[in-house]
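*Asks:* Just so it is clear, I am handing over structure.tsv, which has TSV, C-alpha atoms and all ligand atoms.
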```tsv
chain	number	residue	atom	x	y	z
A	107	MET	CA	-24.46	7.94	-14.59
A	108	PRO	CA	-21.40	8.19	-16.83
A	109	ARG	CA	-18.12	9.53	-15.61
A	110	ALA	CA	-17.47	13.10	-16.70
A	111	LEU	CA	-14.81	13.57	-19.36
A	112	GLN	CA	-14.79	17.37	-19.15
A	113	PRO	CA	-14.16	19.51	-16.05
A	114	GLN	CA	-17.46	20.33	-14.31
A	115	THR	CA	-18.93	23.28	-12.41
A	116	LEU	CA	-22.54	24.32	-11.67
A	117	GLN	CA	-25.03	25.87	-14.08
A	118	ARG	CA	-25.99	28.63	-11.63
A	119	ALA	CA	-25.25	29.83	-8.11
A	120	ILE	CA	-27.15	28.36	-5.18
A	121	THR	CA	-27.24	29.33	-1.50
A	122	VAL	CA	-27.55	27.01	1.50
A	123	GLU	CA	-27.99	28.19	5.09
A	124	GLY	CA	-27.71	26.48	8.44
A	125	ARG	CA	-25.77	26.24	11.69
A	126	GLY	CA	-22.34	24.77	12.36
A	127	LEU	CA	-22.07	21.49	14.28
A	128	HIS	CA	-19.30	22.60	16.61
A	129	GLY	CA	-19.82	26.38	17.03
A	130	ASN	CA	-23.63	26.35	16.49
A	131	ARG	CA	-23.41	29.68	14.62
A	132	PRO	CA	-25.45	30.53	11.52
A	133	CYS	CA	-23.61	30.34	8.20
A	134	ARG	CA	-24.67	31.09	4.64
A	135	VAL	CA	-22.85	29.29	1.82
A	136	THR	CA	-23.16	30.22	-1.86
A	137	LEU	CA	-21.86	27.76	-4.45
A	138	ARG	CA	-20.81	29.88	-7.42
A	139	PRO	CA	-19.97	28.52	-10.89
A	140	VAL	CA	-16.59	29.38	-12.43
A	141	ASP	CA	-15.77	29.74	-16.15
A	142	GLN	CA	-12.29	28.15	-15.96
A	143	PRO	CA	-11.09	24.90	-14.36
A	144	THR	CA	-9.72	26.48	-11.18
A	145	GLY	CA	-10.38	23.64	-8.72
A	146	LEU	CA	-12.44	24.13	-5.56
A	147	ARG	CA	-11.83	27.43	-3.78
A	148	PHE	CA	-13.39	28.99	-0.68
A	149	ARG	CA	-13.96	32.72	-0.13
A	150	HIS	CA	-14.89	34.27	3.22
A	151	THR	CA	-17.12	37.10	1.95
A	152	PRO	CA	-16.84	39.52	4.93
A	153	SER	CA	-13.02	39.63	4.59
A	154	GLY	CA	-12.58	38.70	0.93
A	155	ILE	CA	-9.98	36.08	1.97
A	156	GLU	CA	-9.73	33.10	-0.38
A	157	VAL	CA	-8.16	29.67	-0.02
A	158	PRO	CA	-7.92	26.67	-2.35
A	159	ALA	CA	-9.28	23.36	-0.97
A	160	ARG	CA	-5.83	21.80	-0.60
A	161	ALA	CA	-4.06	19.73	2.04
A	162	ASP	CA	-1.28	22.31	2.55
A	163	ARG	CA	-3.93	24.79	3.77
A	164	VAL	CA	-5.45	22.51	6.43
A	165	GLY	CA	-5.06	24.16	9.83
A	166	ASP	CA	-7.16	22.09	12.23
A	167	LEU	CA	-8.35	18.49	12.29
A	168	SER	CA	-10.17	18.15	15.63
A	169	LEU	CA	-13.27	16.12	14.62
A	170	ALA	CA	-13.59	18.00	11.30
A	171	THR	CA	-11.46	19.32	8.47
A	172	THR	CA	-10.71	23.04	8.64
A	173	LEU	CA	-8.78	25.21	6.18
A	174	VAL	CA	-7.07	28.31	7.59
A	175	GLN	CA	-5.90	31.33	5.64
A	176	ASP	CA	-4.75	34.67	7.14
A	177	GLY	CA	-6.48	33.88	10.42
A	178	ILE	CA	-9.83	33.01	8.77
A	179	ARG	CA	-11.18	29.49	9.33
A	180	PHE	CA	-13.20	27.48	6.84
A	181	GLY	CA	-14.46	24.75	9.17
A	182	THR	CA	-16.23	21.40	8.66
A	183	ILE	CA	-15.84	21.52	4.89
A	184	GLU	CA	-15.66	17.75	4.35
A	185	HIS	CA	-19.34	16.99	3.72
A	186	LEU	CA	-19.69	19.69	1.05
A	187	LEU	CA	-16.38	18.63	-0.54
A	188	SER	CA	-17.58	15.04	-0.46
A	189	ALA	CA	-20.84	15.88	-2.27
A	190	LEU	CA	-18.93	17.86	-4.91
A	191	MET	CA	-16.30	15.15	-5.51
A	192	GLY	CA	-18.97	12.42	-5.40
A	193	LEU	CA	-20.86	14.20	-8.20
A	194	GLU	CA	-17.62	15.11	-10.06
A	195	VAL	CA	-18.13	18.88	-9.65
A	196	GLU	CA	-14.48	19.81	-9.19
A	197	HIS	CA	-14.40	23.53	-10.09
A	198	LEU	CA	-16.34	26.02	-8.00
A	199	LEU	CA	-16.06	29.13	-5.84
A	200	ILE	CA	-17.60	28.46	-2.41
A	201	GLU	CA	-18.52	31.69	-0.64
A	202	THR	CA	-19.19	31.63	3.09
A	203	ASP	CA	-20.07	34.37	5.58
A	204	GLY	CA	-19.09	32.33	8.66
A	205	GLU	CA	-16.18	30.19	9.77
A	206	GLU	CA	-17.95	26.84	10.03
A	207	LEU	CA	-20.11	25.37	7.28
A	208	PRO	CA	-23.68	24.30	8.16
A	209	ILE	CA	-24.01	20.70	9.38
A	210	LEU	CA	-27.55	20.40	7.89
A	211	ASP	CA	-28.72	16.81	8.53
A	212	GLY	CA	-25.18	15.52	9.25
A	213	SER	CA	-24.83	13.83	5.84
A	214	ALA	CA	-23.91	15.02	2.34
A	215	ARG	CA	-27.49	14.61	1.05
A	216	PRO	CA	-28.63	18.25	1.49
A	217	TRP	CA	-25.49	19.41	-0.37
A	218	VAL	CA	-26.18	16.87	-3.12
A	219	GLU	CA	-29.75	18.19	-3.43
A	220	ALA	CA	-28.45	21.78	-3.72
A	221	ILE	CA	-25.96	20.74	-6.43
A	222	GLN	CA	-28.72	18.93	-8.31
A	223	ARG	CA	-31.04	21.97	-8.04
A	224	ALA	CA	-28.29	24.23	-9.44
A	225	GLY	CA	-27.51	21.76	-12.24
A	226	ILE	CA	-24.09	20.59	-13.43
A	227	ALA	CA	-22.32	22.35	-16.32
A	228	GLN	CA	-19.29	21.33	-18.42
A	229	LEU	CA	-16.19	23.47	-18.84
A	230	PRO	CA	-13.95	23.28	-21.91
A	231	GLY	CA	-11.01	20.86	-22.01
A	232	ARG	CA	-10.39	17.46	-20.45
A	233	ARG	CA	-10.88	16.45	-16.84
A	234	ARG	CA	-7.51	15.92	-15.12
A	235	PHE	CA	-6.72	13.32	-12.46
A	236	ILE	CA	-3.90	12.47	-10.13
A	237	LYS	CA	-3.09	8.88	-11.04
A	238	VAL	CA	-1.35	6.82	-8.38
A	239	LEU	CA	1.73	5.00	-9.73
A	240	ARG	CA	2.93	3.12	-6.66
A	241	PRO	CA	1.72	2.48	-3.09
A	242	VAL	CA	2.03	5.12	-0.36
A	243	GLU	CA	1.22	4.30	3.28
A	244	VAL	CA	0.76	6.22	6.50
A	245	GLU	CA	0.33	4.79	9.97
A	246	ALA	CA	-0.29	6.18	13.46
A	247	LYS	CA	-1.21	4.38	16.68
A	248	GLY	CA	-2.77	1.32	15.05
A	249	LYS	CA	-4.56	3.44	12.42
A	250	ARG	CA	-3.45	2.81	8.88
A	251	MET	CA	-4.02	4.11	5.37
A	252	ARG	CA	-2.67	3.15	2.00
A	253	VAL	CA	-3.18	4.30	-1.58
A	254	SER	CA	-2.15	2.15	-4.54
A	255	PRO	CA	-2.70	2.09	-8.32
A	256	TYR	CA	-6.25	1.44	-9.59
A	257	ASP	CA	-8.08	2.46	-12.78
A	258	GLY	CA	-10.79	4.55	-11.12
A	259	LEU	CA	-11.37	5.43	-7.47
A	260	ARG	CA	-11.92	2.48	-5.15
A	261	LEU	CA	-12.38	2.81	-1.39
A	262	ARG	CA	-11.97	0.11	1.27
A	263	TYR	CA	-12.74	1.22	4.83
A	264	THR	CA	-12.79	-0.66	8.14
A	265	ILE	CA	-13.68	0.66	11.58
A	266	ALA	CA	-13.68	-1.27	14.85
A	267	PHE	CA	-15.15	0.28	18.00
A	268	ASP	CA	-15.21	-1.31	21.46
A	269	LEU	CA	-18.78	-0.02	21.75
A	270	LYS	CA	-20.92	-3.03	20.75
A	271	SER	CA	-23.59	-0.99	18.95
A	272	ILE	CA	-20.98	0.17	16.38
A	273	GLY	CA	-18.56	-2.78	16.56
A	274	ARG	CA	-16.59	-3.72	13.44
A	275	GLN	CA	-17.85	-2.44	10.09
A	276	SER	CA	-16.13	-2.84	6.73
A	277	ARG	CA	-17.15	-1.77	3.22
A	278	GLU	CA	-15.55	-1.54	-0.18
A	279	LEU	CA	-16.74	0.16	-3.35
A	280	SER	CA	-15.62	1.60	-6.67
A	281	LEU	CA	-16.97	5.10	-6.76
A	282	ASP	CA	-19.11	6.70	-9.45
A	283	PRO	CA	-21.79	9.37	-9.04
A	284	ALA	CA	-24.71	6.92	-8.99
A	285	LYS	CA	-23.05	4.77	-6.30
A	286	TYR	CA	-22.07	7.84	-4.32
A	287	LEU	CA	-25.72	8.98	-4.26
A	288	ARG	CA	-27.03	5.56	-3.34
A	289	GLU	CA	-24.36	4.19	-1.00
A	290	LEU	CA	-22.65	7.12	0.76
A	291	ALA	CA	-24.34	10.54	0.49
A	292	PRO	CA	-27.18	9.86	3.01
A	293	ALA	CA	-24.88	8.45	5.76
A	294	ARG	CA	-24.87	10.79	8.77
A	295	THR	CA	-22.05	11.81	11.06
A	296	PHE	CA	-21.97	9.89	14.34
A	297	CYS	CA	-20.57	9.90	17.84
A	298	MET	CA	-20.72	7.83	21.00
A	299	GLU	CA	-23.04	8.99	23.77
A	300	GLN	CA	-20.19	8.54	26.26
A	301	ASP	CA	-18.06	11.16	24.40
A	302	ILE	CA	-20.64	13.96	24.28
A	303	THR	CA	-19.82	15.50	27.68
A	304	ALA	CA	-16.10	15.63	26.86
A	305	MET	CA	-16.73	17.14	23.40
A	306	ARG	CA	-19.02	19.80	24.85
A	307	ALA	CA	-16.43	20.64	27.52
A	308	MET	CA	-13.91	21.21	24.68
A	309	GLY	CA	-16.35	23.58	22.98
A	310	LEU	CA	-17.16	21.04	20.27
A	311	ALA	CA	-20.54	19.70	19.09
A	312	GLN	CA	-22.41	22.71	20.56
A	313	GLY	CA	-24.88	22.42	17.66
A	314	GLY	CA	-25.10	18.63	17.74
A	315	SER	CA	-28.45	16.86	18.15
A	316	LEU	CA	-30.29	13.76	16.98
A	317	GLU	CA	-31.39	15.92	14.01
A	318	ASN	CA	-27.85	16.04	12.61
A	319	ALA	CA	-25.94	13.08	14.07
A	320	VAL	CA	-26.34	9.43	14.96
A	321	VAL	CA	-25.58	8.99	18.66
A	322	TYR	CA	-24.61	5.45	19.65
A	323	ALA	CA	-25.27	4.27	23.20
A	324	ALA	CA	-23.96	0.88	24.36
A	325	ASP	CA	-27.14	-0.98	23.38
A	326	GLY	CA	-27.90	0.84	20.12
A	327	PRO	CA	-28.43	4.24	18.49
A	328	LEU	CA	-30.54	6.83	20.36
A	329	ASN	CA	-32.04	7.88	16.99
A	330	ASP	CA	-35.27	6.17	15.96
A	331	THR	CA	-33.83	4.77	12.75
A	332	LEU	CA	-30.56	4.28	10.91
A	333	ARG	CA	-30.32	4.99	7.18
A	334	TYR	CA	-28.09	1.90	6.74
A	335	GLU	CA	-27.22	-0.90	9.12
A	336	ASP	CA	-23.55	0.08	8.69
A	337	GLU	CA	-24.18	3.84	8.49
A	338	ALA	CA	-21.05	4.61	10.55
A	339	VAL	CA	-18.50	3.13	8.13
A	340	ARG	CA	-20.38	4.63	5.19
A	341	HIS	CA	-20.07	8.05	6.81
A	342	LYS	CA	-16.33	7.49	7.25
A	343	MET	CA	-16.15	6.78	3.49
A	344	LEU	CA	-18.18	9.95	2.80
A	345	ASP	CA	-15.67	11.92	4.91
A	346	LEU	CA	-12.78	10.25	3.06
A	347	VAL	CA	-14.20	11.27	-0.34
A	348	GLY	CA	-14.34	14.86	0.95
A	349	ASP	CA	-10.83	14.83	2.42
A	350	LEU	CA	-9.42	13.34	-0.81
A	351	ALA	CA	-10.57	16.54	-2.54
A	352	LEU	CA	-7.62	18.15	-0.75
A	353	VAL	CA	-5.30	16.48	-3.28
A	354	GLY	CA	-6.47	19.33	-5.54
A	355	ALA	CA	-7.83	17.01	-8.26
A	356	PRO	CA	-9.73	13.69	-8.39
A	357	ILE	CA	-7.58	10.63	-7.60
A	358	LEU	CA	-7.24	7.43	-9.60
A	359	GLY	CA	-6.27	4.84	-7.02
A	360	LEU	CA	-7.37	2.30	-4.42
A	361	VAL	CA	-7.57	3.97	-1.00
A	362	GLU	CA	-7.63	1.65	2.03
A	363	ALA	CA	-8.29	2.90	5.56
A	364	GLU	CA	-8.31	1.12	8.91
A	365	ALA	CA	-9.66	2.97	11.96
A	366	ALA	CA	-8.70	6.24	10.28
A	367	GLY	CA	-10.14	9.76	10.58
A	368	HIS	CA	-9.63	13.26	9.19
A	369	ALA	CA	-6.06	13.60	10.49
A	370	LEU	CA	-4.88	10.38	8.83
A	371	HIS	CA	-6.89	11.09	5.63
A	372	VAL	CA	-5.03	14.38	5.29
A	373	ALA	CA	-1.69	12.78	6.26
A	374	LEU	CA	-2.13	10.30	3.38
A	375	VAL	CA	-2.92	13.09	0.91
A	376	LYS	CA	0.20	14.98	2.03
A	377	ALA	CA	2.40	11.86	1.86
A	378	LEU	CA	1.18	11.10	-1.68
A	379	LEU	CA	1.75	14.64	-2.94
A	380	ALA	CA	5.17	14.81	-1.26
A	381	ASP	CA	6.45	11.89	-3.37
A	382	PRO	CA	6.53	12.94	-7.05
A	383	THR	CA	7.43	9.37	-8.11
A	384	ALA	CA	4.18	8.03	-6.60
A	385	TRP	CA	1.78	9.80	-8.97
A	386	THR	CA	1.39	11.52	-12.32
A	387	TRP	CA	-1.22	13.65	-14.04
A	388	ALA	CA	-3.69	11.79	-16.24
A	389	GLU	CA	-6.36	13.13	-18.54
A	390	ALA	CA	-9.81	11.74	-19.26
A	391	GLY	CA	-10.02	10.60	-22.85
A	392	VAL	CA	-12.18	8.44	-25.06
A	393	GLU	CA	-10.46	5.62	-26.86
A	394	ARG	CA	-13.39	3.22	-26.92
A	395	PRO	CA	-17.03	4.22	-27.38
A	396	ARG	CA	-18.91	5.06	-24.13
A	397	ARG	CA	-16.15	4.01	-21.77
A	398	PRO	CA	-13.71	6.65	-20.56
A	399	VAL	CA	-10.08	5.60	-20.19
A	400	PHE	CA	-7.33	7.44	-18.44
A	401	ALA	CA	-3.98	7.88	-20.12
A	402	GLY	CA	-0.95	8.82	-18.08
A	403	LEU	CA	0.88	11.96	-19.15
A	404	SER	CA	4.64	11.98	-18.99
A	405	GLY	CA	6.36	13.90	-16.20
A	406	ALA	CA	5.03	15.28	-12.93
A	407	HIS	CA	3.23	18.61	-12.99
A	408	PRO	CA	2.89	21.00	-10.08
A	409	ILE	CA	-0.42	21.03	-8.19
A	410	PRO	CA	-2.59	23.82	-9.66
A	411	ALA	CA	-2.55	26.96	-7.50
B	1	ZN	ZN	-18.26	13.64	8.62
```
Please re-express this file's structure in structure tokens.
*Replies:*
Amino acid sequence: MPRALQPQTLQRAITVEGRGLHGNRPCRVTLRPVDQPTGLRFRHTPSGIEVPARADRVGDLSLATTLVQDGIRFGTIEHLLSALMGLEVEHLLIETDGEELPILDGSARPWVEAIQRAGIAQLPGRRRFIKVLRPVEVEAKGKRMRVSPYDGLRLRYTIAFDLKSIGRQSRELSLDPAKYLRELAPARTFCMEQDITAMRAMGLAQGGSLENAVVYAADGPLNDTLRYEDEAVRHKMLDLVGDLALVGAPILGLVEAEAAGHALHVALVKALLADPTAWTWAEAGVERPRRPVFAGLSGAHPIPA
């Protein structure tokens, strides 16, 4: 699939329903097309409160990424954001009637299927990117992330768990929609069996089951099958794609992560945006037939509101 040159939204609205992983409450989500390139925005329909999907609005990072606006939570948004960014649908109004998005099967695949059913539509103008100009790093307790210049979006992720059945997993790929669909979208969220009691005691994972998560015991997963041998690191990459949406635009850069998670993903996004010399706006253009190139624009522009 070619990379989009124009900003993209959906052809028509589509609704997805399910229960949240942590709160186990029902939630209905409607993905609504927009007619201008406004970025990704959430609206809580009962209150009318809206929030852009941006790092400065993140309010909670305990095992999921949650936006908070005027006391309203938009929880566990990363799998939907991942599906949208993976398919280059970067302009949409996401309406929700609850405070935690449905977990569905624990991967981004059901969201991808909804997006494909609705169809992708082009908006006028050129697609805009945040192009990384020089490396930015964040580090915390042996976890590390770095973003550096690259012509496209390339991800390199490594995890290392003491639990033998997960162990060390490492993967690297340059992202495009076809690779996203094939390599990342089906990878399900996961946890260790030994952590379930503690999570439940904290009020988390109340809706978790083998239907929506891979649960690793010491000698292997409790689920009958894995979708990939290294499904865990692929899910971390899926989460990363979703959290990178919080930049407010697609990124052109190489993003490396070691033993990271939502908190460090968001810390990297904030560190990048906080340094105006580390990035610039770039626009998709066509200088050679069939291959998009990305030309840097002079000067830093504010993040779109
Ligand atoms: Zn996840």
*Asks:* Per residue of chain A within 7 Å of ligand ZN 1 (chain B), note the shortest atom pair and the distance in Å to one decimal, counting all atoms listed in the file, and order the rows by chain and increasing residue number, as CSV.
*Replies:*
```
residue,atom,partner,partner_atom,distance
A:Ala170,CA,B:ZN1,ZN,6.9
A:Glu184,CA,B:ZN1,ZN,6.5
A:His185,CA,B:ZN1,ZN,6.0
A:Thr295,CA,B:ZN1,ZN,4.9
A:His341,CA,B:ZN1,ZN,6.1
A:Lys342,CA,B:ZN1,ZN,6.6
A:Leu344,CA,B:ZN1,ZN,6.9
A:Asp345,CA,B:ZN1,ZN,4.8
```
*Asks:* At most 12 Å is the cut-off: for each residue in region 329-352 of chain A with any atom that close to an atom of region 369-386 of chain A, write down the nearest atom pair and the distance in Å rounded to one decimal, counting all atoms listed in the file, chain first then increasing number, as a Markdown table.
*Replies:*
```
| residue | atom | partner | partner_atom | distance |
| --- | --- | --- | --- | --- |
| A:Lys342 | CA | A:His371 | CA | 10.2 |
| A:Met343 | CA | A:His371 | CA | 10.4 |
| A:Leu344 | CA | A:His371 | CA | 11.7 |
| A:Asp345 | CA | A:His371 | CA | 8.8 |
| A:Leu346 | CA | A:His371 | CA | 6.5 |
| A:Val347 | CA | A:His371 | CA | 9.4 |
| A:Gly348 | CA | A:His371 | CA | 9.6 |
| A:Asp349 | CA | A:His371 | CA | 6.3 |
| A:Leu350 | CA | A:Val375 | CA | 6.7 |
| A:Ala351 | CA | A:Val375 | CA | 9.1 |
| A:Leu352 | CA | A:Val375 | CA | 7.1 |
```
*Asks:* With C-alpha atoms retained, write the just-selected residues as a compact mmCIF listing (two decimals), keeping the file's coordinate frame.
*Replies:*
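See selection.txt below for the written result:
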```txt
# COMPACT_ATOMS: atom_id res chain seq x y z
CA LYS A 342 -16.33 7.49 7.25
CA MET A 343 -16.15 6.78 3.49
CA LEU A 344 -18.18 9.95 2.80
CA ASP A 345 -15.67 11.92 4.91
CA LEU A 346 -12.78 10.25 3.06
CA VAL A 347 -14.20 11.27 -0.34
CA GLY A 348 -14.34 14.86 0.95
CA ASP A 349 -10.83 14.83 2.42
CA LEU A 350 -9.42 13.34 -0.81
CA ALA A 351 -10.57 16.54 -2.54
CA LEU A 352 -7.62 18.15 -0.75
```
*Asks:* Quick one: which region 167-215 of chain A residues come within 7 Å of region 274-293 of chain A, and what is the nearest atom pair for each with the distance in Å to one decimal, counting all atoms listed in the file, rows ordered by chain and ascending number, as JSON lines?
*Replies:*
```
{"residue": "A:Ala189", "atom": "CA", "partner": "A:Ala291", "partner_atom": "CA", "distance": 7.0}
{"residue": "A:Gly192", "atom": "CA", "partner": "A:Pro283", "partner_atom": "CA", "distance": 5.5}
{"residue": "A:Leu193", "atom": "CA", "partner": "A:Pro283", "partner_atom": "CA", "distance": 5.0}
{"residue": "A:Ser213", "atom": "CA", "partner": "A:Ala293", "partner_atom": "CA", "distance": 5.4}
{"residue": "A:Ala214", "atom": "CA", "partner": "A:Ala291", "partner_atom": "CA", "distance": 4.9}
{"residue": "A:Arg215", "atom": "CA", "partner": "A:Pro292", "partner_atom": "CA", "distance": 5.1}
```
*Asks:* Just want the 6 Å neighbourhood of His128 (chain A), counted on all atoms listed in the file, with same-chain residues fewer than 5 positions away dropped. Output as a list in words.
*Replies:* Leu310, Ala311, Gln312 and Gly313 of chain A
*Asks:* What does the file look like for those residues with C-alpha atoms, as a short mmCIF file (atom, residue, chain, number, x, y, z; two decimals), keeping the file's coordinate frame?
*Replies:*
```cif
data_model
loop_
_atom_site.label_atom_id
_atom_site.label_comp_id
_atom_site.auth_asym_id
_atom_site.auth_seq_id
_atom_site.Cartn_x
_atom_site.Cartn_y
_atom_site.Cartn_z
CA LEU A 310 -17.16 21.04 20.27
CA ALA A 311 -20.54 19.70 19.09
CA GLN A 312 -22.41 22.71 20.56
CA GLY A 313 -24.88 22.42 17.66
#
```
*Asks:* Do you have the CA of Ala388 (chain A)-CA of Leu146 (chain A) distance handy?
*Replies:* 18.5 Å
*Asks:* Of the candidates A:Val353, A:Val339, A:Ile178, A:Ile200, which shows the shortest atom-to-atom distance to Arg134 (chain A), using all atoms listed in the file?
*Replies:* A:Ile200
*Asks:* Neighbours of region 234-239 of chain A within 9 Å (all atoms listed in the file; same-chain residues fewer than 5 positions away dropped), as a list in words?
*Replies:*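 In the requested format, the answer is Leu111, Gln112, Pro113, Val253, Ser254, Pro255, Tyr256, Asp257, Gly258, Val353, Gly354, Ala355, Pro356, Ile357, Leu358, Gly359, Leu360, Leu378, Thr383, Ala384, Trp385, Thr386, Trp387, Ala388, Glu389, Ala390, Phe400 and Gly402 of chain A.
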*Asks:* Can you pull out the residues contacting Gly273 (chain A)? Cut-off 12 Å, using all atoms listed in the file, and skip same-chain residues under 3 positions away; I want them as a ChimeraX atom specification.
*Replies:* /A:264-270,276,298,322-326,335-339,365
*Asks:* Can you pull out the residues contacting Gly225 (chain A)? Cut-off 7 Å, using all atoms listed in the file, and skip same-chain residues under 2 positions away; I want them as an MDAnalysis selection string.
*Replies:* chainID A and resid 116:117 221:223 227
*Asks:* CA of Trp217 (chain A) and CA of Arg160 (chain A), how far apart in Å?
*Replies:*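 Taking CA of Arg160 (chain A) as the start and CA of Trp217 (chain A) as the end point, the length is 19.8 Å.
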*Asks:* Separation of CA of Leu210 (chain A) and CA of Tyr334 (chain A), in Å?
*Replies:* 18.5 Å
*Asks:* Extract, using all atoms listed in the file, all DNA, RNA and protein residues at most 8 Å from Glu194 (chain A), discarding same-chain residues fewer than 5 positions from it, and format them as a PyMOL selection string.
*Replies:* chain A and resi 109-110+114+283
